[in-house]
$ cat data.txt   # compact mmCIF, C-alpha atoms
# COMPACT_ATOMS: atom_id res chain seq x y z
CA MET H 966 0.00 0.00 0.00
CA ASN H 967 1.36 3.39 -0.91
CA LYS H 968 1.67 6.26 1.49
CA ASP H 969 -1.22 8.25 0.00
CA ASP H 970 -3.75 5.47 -0.67
CA LYS H 971 -4.61 7.55 -3.71
CA LEU H 972 -6.55 6.06 -6.57
CA ASP H 973 -5.82 8.35 -9.51
CA LEU H 974 -8.34 7.93 -12.30
CA SER H 975 -7.80 11.39 -13.77
CA ARG H 976 -4.41 11.06 -15.44
CA ARG H 977 -5.48 11.57 -19.03
CA ASN H 978 -8.34 14.03 -18.73
CA ALA H 979 -9.27 15.67 -15.43
CA HIS H 980 -12.83 16.23 -16.63
CA GLN H 981 -13.47 12.63 -17.64
CA TYR H 982 -11.61 10.56 -15.05
CA LEU H 983 -12.05 10.27 -11.28
CA ASN H 984 -9.47 11.04 -8.61
CA ILE H 985 -10.10 9.37 -5.26
CA ASN H 986 -7.91 9.91 -2.18
CA PHE H 987 -8.75 7.50 0.63
CA LEU H 988 -6.67 9.41 3.15
CA GLU H 989 -8.90 12.44 2.63
CA ILE H 990 -11.90 10.21 3.28
CA LEU H 991 -10.28 8.80 6.43
CA ASN H 992 -9.72 12.34 7.64
CA ILE H 993 -13.49 12.89 7.76
CA ALA H 994 -13.73 10.39 10.63
CA LEU H 995 -10.55 11.66 12.28
CA ALA H 996 -11.77 15.27 12.10
CA GLY H 997 -14.83 14.31 14.14
CA ILE H 998 -12.60 12.66 16.73
CA ARG H 999 -10.32 15.68 16.96
CA ARG H 1000 -13.26 18.09 17.23
CA SER H 1001 -14.96 15.98 19.88
CA SER H 1002 -11.75 15.61 21.86
CA ILE H 1003 -10.96 19.32 22.05
CA PHE H 1004 -14.57 20.41 22.62
CA LEU H 1005 -14.98 17.88 25.42
CA GLY H 1006 -11.66 18.92 26.92
CA LEU H 1007 -12.63 22.59 26.97
CA GLY H 1008 -16.12 21.95 28.30
CA LEU H 1009 -15.53 19.15 30.79
CA ASN H 1010 -12.54 20.90 32.33
CA ALA H 1011 -14.95 23.69 33.24
CA ALA H 1012 -17.77 21.33 34.24
CA TRP H 1013 -15.55 19.28 36.55
CA ASN H 1014 -13.67 22.22 38.05
CA PRO H 1015 -15.44 23.07 41.34
CA GLU H 1016 -13.85 26.54 41.35
CA TYR H 1017 -15.30 27.50 37.99
CA LYS H 1018 -18.70 29.16 38.52
CA ASN H 1019 -18.84 31.82 35.80
CA TYR H 1020 -22.11 30.78 34.18
CA LEU H 1021 -23.42 34.16 32.96
CA LEU H 1022 -23.04 35.33 29.39
CA LEU H 1023 -21.07 38.46 28.53
CA ASP H 1024 -21.95 41.66 30.35
CA SER H 1025 -23.32 43.09 27.13
CA THR H 1026 -26.19 40.59 27.23
CA LYS H 1027 -29.38 42.50 28.03
CA ILE H 1028 -31.73 39.59 28.68
CA HIS H 1029 -31.19 36.97 31.40
CA PHE H 1030 -33.19 33.77 31.73
CA ILE H 1031 -31.75 32.68 35.07
CA PRO H 1032 -30.94 34.52 38.30
CA GLN H 1033 -27.60 36.30 38.30
CA GLN H 1034 -26.80 34.90 41.75
CA LEU H 1035 -27.34 31.14 41.75
CA SER H 1036 -26.48 29.10 44.83
CA ASP H 1037 -23.45 26.82 44.79
CA SER H 1038 -25.82 23.84 44.86
CA ASP H 1039 -27.74 25.07 41.81
CA ILE H 1040 -24.50 25.72 39.92
CA GLU H 1041 -23.22 22.24 40.79
CA ASN H 1042 -26.44 20.64 39.51
CA ALA H 1043 -26.24 22.67 36.31
CA LYS H 1044 -22.62 21.64 35.78
CA ARG H 1045 -23.53 17.99 36.23
CA ASP H 1046 -26.18 18.31 33.52
CA PHE H 1047 -23.71 20.29 31.42
CA ALA H 1048 -21.18 17.44 31.60
CA ASN H 1049 -23.78 14.92 30.38
CA TRP H 1050 -24.82 17.32 27.62
CA LEU H 1051 -21.19 17.67 26.53
CA VAL H 1052 -20.62 13.92 26.44
CA GLY H 1053 -23.80 13.43 24.40
CA ASN H 1054 -22.70 16.05 21.90
CA GLY H 1055 -19.19 14.62 21.82
CA LEU H 1056 -20.58 11.20 20.90
CA ARG H 1057 -22.84 12.81 18.32
CA GLU H 1058 -19.85 14.57 16.76
CA VAL H 1059 -17.90 11.32 16.46
CA ASN H 1060 -20.96 9.28 15.37
CA GLU H 1061 -21.99 11.66 12.62
CA HIS H 1062 -18.50 12.12 11.19
CA PHE H 1063 -18.09 8.33 11.16
CA ASP H 1064 -21.42 7.98 9.33
CA VAL H 1065 -20.30 10.47 6.67
CA PHE H 1066 -16.97 8.63 6.45
CA LEU H 1067 -18.83 5.38 5.69
CA ASP H 1068 -20.89 7.19 3.04
CA LYS H 1069 -17.73 8.39 1.32
CA ILE H 1070 -16.07 4.95 1.60
CA TYR H 1071 -19.10 3.39 -0.08
CA GLU H 1072 -19.11 6.00 -2.86
CA ALA H 1073 -15.35 5.84 -3.49
CA THR H 1074 -15.26 2.04 -3.56
CA MET H 1075 -18.29 1.83 -5.84
CA MET H 1076 -16.86 4.44 -8.23
CA GLY H 1077 -13.49 2.73 -8.28
CA LEU H 1078 -15.03 -0.68 -8.89
CA VAL H 1079 -17.30 0.46 -11.71
CA PHE H 1080 -15.00 2.81 -13.59
CA LYS H 1081 -11.52 1.55 -12.68
CA HIS H 1082 -9.24 3.41 -15.15
CA GLU H 1083 -11.97 4.03 -17.69
CA LYS H 1084 -13.67 7.23 -18.70
CA ILE H 1085 -16.75 8.24 -16.75
CA ASP H 1086 -20.04 7.08 -18.15
CA HIS H 1087 -22.40 9.80 -16.97
CA GLU H 1088 -25.42 7.52 -16.90
CA LYS H 1089 -23.62 5.01 -14.70
CA TYR H 1090 -22.25 7.88 -12.61
CA ALA H 1091 -25.77 9.18 -11.93
CA GLU H 1092 -26.92 5.67 -11.02
CA ILE H 1093 -24.10 5.30 -8.51
CA LYS H 1094 -24.87 8.69 -6.98
CA ASN H 1095 -28.47 7.55 -6.44
CA LYS H 1096 -27.21 4.37 -4.75
CA CYS H 1097 -24.99 6.50 -2.53
CA LYS H 1098 -27.92 8.72 -1.60
CA ARG H 1099 -29.91 5.67 -0.51
CA PHE H 1100 -26.90 4.34 1.40
CA SER H 1101 -26.53 7.61 3.32
CA LYS H 1102 -30.07 7.29 4.68
CA LYS H 1103 -29.44 3.85 6.19
CA GLY H 1104 -28.71 3.26 9.85
CA ILE H 1105 -25.25 2.19 10.97
CA GLU H 1106 -26.14 -1.52 11.09
CA ASP H 1107 -27.60 -1.50 7.57
CA LYS H 1108 -24.57 0.44 6.28
CA PHE H 1109 -22.23 -2.24 7.57
CA GLU H 1110 -24.40 -4.96 6.01
CA GLU H 1111 -24.42 -3.15 2.65
CA LEU H 1112 -20.63 -2.80 2.70
CA LYS H 1113 -20.33 -6.53 3.35
CA LYS H 1114 -22.80 -7.37 0.58
CA SER H 1115 -21.28 -5.04 -2.01
CA PHE H 1116 -17.56 -5.14 -1.23
CA GLU H 1117 -16.95 -8.10 1.11
CA PHE H 1118 -15.73 -6.01 4.05
CA THR H 1119 -17.39 -4.60 7.14
CA SER H 1120 -16.69 -3.94 10.82
CA ASP H 1121 -16.12 -6.82 13.19
CA ASN H 1122 -17.47 -4.65 16.01
CA LYS H 1123 -20.97 -3.71 14.91
CA ASP H 1124 -22.27 -4.38 18.42
CA CYS H 1125 -19.97 -1.66 19.78
CA HIS H 1126 -21.16 0.88 17.22
CA LEU H 1127 -24.82 0.10 17.93
CA SER H 1128 -24.33 0.41 21.69
CA LEU H 1129 -22.53 3.75 21.36
CA LYS H 1130 -25.36 5.04 19.17
CA LYS H 1131 -27.78 4.08 21.95
CA ALA H 1132 -25.67 5.90 24.53
CA ARG H 1133 -25.58 9.00 22.35
CA ASN H 1134 -29.38 8.92 21.88
CA CYS H 1135 -29.95 8.48 25.61
CA LEU H 1136 -27.70 11.44 26.44
CA SER H 1137 -29.18 13.63 23.71
CA HIS H 1138 -32.88 12.84 24.04
CA ARG H 1139 -33.42 11.74 27.63
CA LEU H 1140 -30.90 13.86 29.52
CA GLY H 1141 -28.76 10.77 29.96
CA ARG H 1142 -31.27 8.88 32.11
CA VAL H 1143 -31.73 5.31 30.87
CA GLU H 1144 -35.29 4.38 29.91
CA ASP H 1145 -36.82 1.24 28.42
CA ILE H 1146 -36.08 2.33 24.86
CA ASP H 1147 -32.36 2.56 25.68
CA CYS H 1148 -31.99 -0.91 27.20
CA ASN H 1149 -30.14 -3.48 25.11
CA ASP H 1150 -29.14 -5.88 27.90
CA GLU H 1151 -32.32 -6.91 29.74
CA ASP H 1152 -33.06 -3.88 31.96
CA LYS H 1153 -29.71 -2.18 31.33
CA LEU H 1154 -27.95 -0.13 28.69
CA THR H 1155 -24.58 -1.77 28.10
CA ILE H 1156 -22.11 0.01 25.87
CA SER H 1157 -18.82 -1.42 24.62
CA TRP H 1158 -15.72 -0.43 22.71
CA LEU H 1159 -12.27 -1.81 21.96
CA THR H 1160 -9.26 -0.63 23.93
CA LEU H 1161 -5.54 -1.01 23.29
CA ASP H 1162 -3.63 -2.84 26.01
CA ILE H 1163 0.16 -2.56 26.34
CA VAL H 1164 1.40 -5.84 27.83
CA THR H 1165 4.65 -7.47 28.79
CA ILE H 1166 5.65 -10.50 26.71
CA LYS H 1167 7.77 -13.30 28.15
CA ASN H 1168 8.54 -16.50 26.29
CA GLY H 1169 5.80 -15.63 23.82
CA GLU H 1170 3.17 -15.36 26.55
CA LYS H 1171 1.28 -12.23 27.53
CA GLY H 1172 1.94 -11.02 31.04
CA GLU H 1173 1.24 -7.82 32.93
CA ILE H 1174 -0.99 -5.12 31.43
CA ILE H 1175 0.77 -1.76 31.70
CA GLU H 1176 -1.64 1.02 32.59
CA LEU H 1177 -1.52 4.16 30.46
CA PRO H 1178 -0.26 6.77 30.92
CA ILE H 1179 2.83 5.05 32.30
CA LYS H 1180 3.44 6.43 35.78
CA GLN H 1181 6.49 4.38 36.67
CA GLN H 1182 9.39 3.05 34.71
CA HIS H 1183 9.07 -0.57 33.69
CA ILE H 1184 12.42 -2.32 33.57
CA LEU H 1185 12.52 -5.00 30.90
CA THR H 1186 15.18 -7.60 31.48
CA GLY H 1187 16.17 -10.83 29.87
CA ASN H 1188 13.65 -12.10 27.37
CA VAL H 1189 10.82 -9.79 28.53
CA GLY H 1190 9.48 -7.40 25.89
CA LEU H 1191 6.44 -5.27 25.19
CA GLY H 1192 3.49 -6.02 22.96
CA TYR H 1193 -0.07 -4.92 22.49
CA SER H 1194 -3.49 -6.44 22.16
CA TYR H 1195 -7.07 -5.27 21.84
CA SER H 1196 -9.72 -6.04 24.42
CA LYS H 1197 -13.37 -5.10 24.76
CA THR H 1198 -14.39 -2.73 27.55
CA CYS H 1199 -18.01 -2.56 28.70
CA ALA H 1200 -19.97 -0.18 30.88
CA SER H 1201 -23.55 -0.86 32.03
CA PHE H 1202 -26.21 1.51 33.30
CA ALA H 1203 -29.44 0.20 34.82
CA LYS H 1204 -32.79 1.67 33.89
CA GLY H 1205 -33.22 4.96 35.74
CA MET H 1206 -29.48 5.54 36.06
CA ILE H 1207 -27.57 8.37 34.40
CA VAL H 1208 -25.06 7.43 31.68
CA ASN H 1209 -21.80 8.62 33.19
CA LEU H 1210 -18.61 8.32 31.17
CA ASN H 1211 -15.27 9.36 32.65
CA PRO H 1212 -12.32 10.93 30.76
CA LYS H 1213 -10.62 7.53 30.31
CA ASN H 1214 -13.80 6.11 28.73
CA ILE H 1215 -14.09 9.08 26.39
CA ASN H 1216 -10.46 8.83 25.24
CA GLU H 1217 -10.83 5.10 24.64
CA ILE H 1218 -14.05 5.57 22.65
CA CYS H 1219 -12.37 8.17 20.44
CA PHE H 1220 -9.48 5.75 19.91
CA PHE H 1221 -11.96 2.99 19.03
CA TYR H 1222 -13.51 5.09 16.27
CA ALA H 1223 -10.05 5.96 14.96
CA ILE H 1224 -8.91 2.34 14.63
CA GLU H 1225 -12.27 1.32 13.13
CA ALA H 1226 -11.99 4.03 10.46
CA GLU H 1227 -8.41 3.02 9.65
CA LYS H 1228 -9.38 -0.65 9.29
CA ILE H 1229 -12.33 0.11 7.01
CA LYS H 1230 -10.23 2.43 4.84
CA ASP H 1231 -7.55 -0.25 4.51
CA SER H 1232 -10.21 -2.86 3.66
CA ALA H 1233 -11.61 -0.67 0.88
CA VAL H 1234 -8.15 -0.13 -0.59
CA GLU H 1235 -7.33 -3.84 -0.40
CA PHE H 1236 -10.66 -4.78 -2.00
CA LEU H 1237 -10.01 -2.51 -4.99
CA LYS H 1238 -6.45 -3.82 -5.32
CA GLN H 1239 -7.80 -7.37 -5.49
CA LYS H 1240 -10.05 -6.20 -8.32
CA GLY H 1241 -6.99 -5.18 -10.30
CA ILE H 1242 -6.87 -1.48 -9.52
CA ILE H 1243 -3.40 0.05 -9.17
CA PHE H 1244 -2.91 2.86 -6.69
CA ASP H 1245 -0.53 5.74 -7.49
CA ASN H 1246 2.37 6.66 -5.21

$ encode --input "data.txt" --output "structure tokens"
Amino acid sequence: MNKDDKLDLSRRNAHQYLNINFLEILNIALAGIRRSSIFLGLGLNAAWNPEYKNYLLLDSTKIHFIPQQLSDSDIENAKRDFANWLVGNGLREVNEHFDVFLDKIYEATMMGLVFKHEKIDHEKYAEIKNKCKRFSKKGIEDKFEELKKSFEFTSDNKDCHLSLKKARNCLSHRLGRVEDIDCNDEDKLTISWLTLDIVTIKNGEKGEIIELPIKQQHILTGNVGLGYSYSKTCASFAKGMIVNLNPKNINEICFFYAIEAEKIKDSAVEFLKQKGIIFDN
């Protein structure tokens, strides 16, 4: 695979041939992760800082909808709701960028498969665009199924994506309090995602999991080395409970979306290569 993952179908005539850059498509998903990460950092640092109580808008604001002197208890309650609101919007940001990323992956792979290095047939092009429009209206589960049906690749972690969608909907539409509609595990909402574990390796066997960030120096001696593996992390919230994700959870969920996007991009590139398409350097 080349460094750009760039399928250049425009070499002879820029107006008649397609140019597809899979790294640009990948960046759609990564942009959502970056935006979510920085927005959550800015907001949650304020929400979780007990000293921060500046809740009023700028002095130039003429209309106020809340008292200008709230009690510490009222401010604390508002900040708790604010934190849940931020997490819900952070998940929405990542979810929606990932959905658009899948739309573009579908379109790019379909265009590459149909046209390869041939001139664009405008009738076929319009037909593909209609297929892409229908694809974009599907839910995440149906999108993964369509990718599998059309191109023989999909995510191995559809259950994680579906659970994170449920968490986002609960936070956005029910103030984070789990109701019957949110439950996917009897009377609970259980969400899951993959995490990266750094582990010691001795004689080919996995040993100690090293917590990140590393707070103490690990001395590796003899035939002890470092490796990594992926494991599934779950969090459950009973009906009536508030969905409460901590900073570690949020970082891991962002990482999960990043590795999922990378895998799907690589799968699309590999699929097209197997169909005889050559990628430019």

$ closest_residue --input "data.txt" --among "H:Ile1242, H:Leu1136, H:Glu1227, H:Gln1034" --to "H:Asn992" --atoms "only C-alpha atoms"
H:Glu1227

$ closest_residue --input "data.txt" --among "H:Phe1047, H:Tyr1017, H:Phe1004, H:Phe1063" --to "H:Phe1109" --atoms "all atoms listed in the file"
H:Phe1063

$ atom_distance --input "data.txt" --atom1 "atom CA of H:Arg1139" --atom2 "atom CA of H:Leu1154"
13.1 Å

$ axis_aligned_box --input "data.txt" --around "stretch 1229-1234 of chain H" --padding-each-side "5 Å" --output "lines of an AutoDock Vina configuration file"
center_x = -9.9
center_y = -0.2
center_z = 3.2
size_x = 14.8
size_y = 15.3
size_z = 17.6

$ closest_residue --input "data.txt" --among "H:Ala1233, H:Ala1203, H:Leu988, H:Val1208" --to "H:Asp1152" --atoms "all atoms listed in the file"
H:Ala1203

$ closest_atom_pairs --input "data.txt" --of "stretch 1034-1097 of chain H" --to "stretch 1008-1014 of chain H" --cutoff "8 Å" --atoms "all atoms listed in the file" --output "Markdown table"
| residue | atom | partner | partner_atom | distance |
| --- | --- | --- | --- | --- |
| H:Lys1044 | CA | H:Ala1012 | CA | 5.1 |
| H:Arg1045 | CA | H:Ala1012 | CA | 6.9 |
| H:Phe1047 | CA | H:Ala1012 | CA | 6.7 |
| H:Ala1048 | CA | H:Ala1012 | CA | 5.8 |
| H:Leu1051 | CA | H:Gly1008 | CA | 6.9 |

$ residues_around --input "data.txt" --residues "H:Ala994" --least-positions-apart "2" --cutoff "10 Å" --atoms "all atoms listed in the file" --output "ChimeraX atom specification"
/H:989-992,996-999,1058-1067,1222-1223,1225-1227

$ closest_residue --input "data.txt" --among "H:Lys1027, H:Lys1089, H:Lys1131, H:Lys1069" --to "H:Asn986" --atoms "all atoms listed in the file"
H:Lys1069

$ closest_residue --input "data.txt" --among "H:Leu1035, H:Ile1163, H:Ile1003, H:Leu1112" --to "H:Lys1018" --atoms "only C-alpha atoms"
H:Leu1035

$ atom_distance --input "data.txt" --atom1 "atom CA of H:Met1075" --atom2 "atom CA of H:Lys1094"
9.6 Å

$ residues_around --input "data.txt" --residues "H:Glu1092" --least-positions-apart "5" --cutoff "12 Å" --atoms "all atoms listed in the file" --output "tab-separated table (two decimals) with C-alpha atoms, keeping the file's coordinate frame"
chain	number	residue	atom	x	y	z
H	1072	GLU	CA	-19.11	6.00	-2.86
H	1075	MET	CA	-18.29	1.83	-5.84
H	1076	MET	CA	-16.86	4.44	-8.23
H	1079	VAL	CA	-17.30	0.46	-11.71
H	1085	ILE	CA	-16.75	8.24	-16.75
H	1086	ASP	CA	-20.04	7.08	-18.15
H	1087	HIS	CA	-22.40	9.80	-16.97
H	1097	CYS	CA	-24.99	6.50	-2.53
H	1098	LYS	CA	-27.92	8.72	-1.60
H	1099	ARG	CA	-29.91	5.67	-0.51

$ atom_distance --input "data.txt" --atom1 "atom CA of H:Asn1216" --atom2 "atom CA of H:Val1052"
11.4 Å

$ residues_around --input "data.txt" --residues "H:Asp1150" --least-positions-apart "4" --cutoff "12 Å" --atoms "only C-alpha atoms" --output "PyMOL selection string"
chain H and resi 1124+1128+1131+1143+1145-1146+1154-1157+1199-1204

$ closest_residue --input "data.txt" --among "H:Ile1215, H:Leu1140, H:Leu1161, H:Ile1224" --to "H:Gly1006" --atoms "all atoms listed in the file"
H:Ile1215
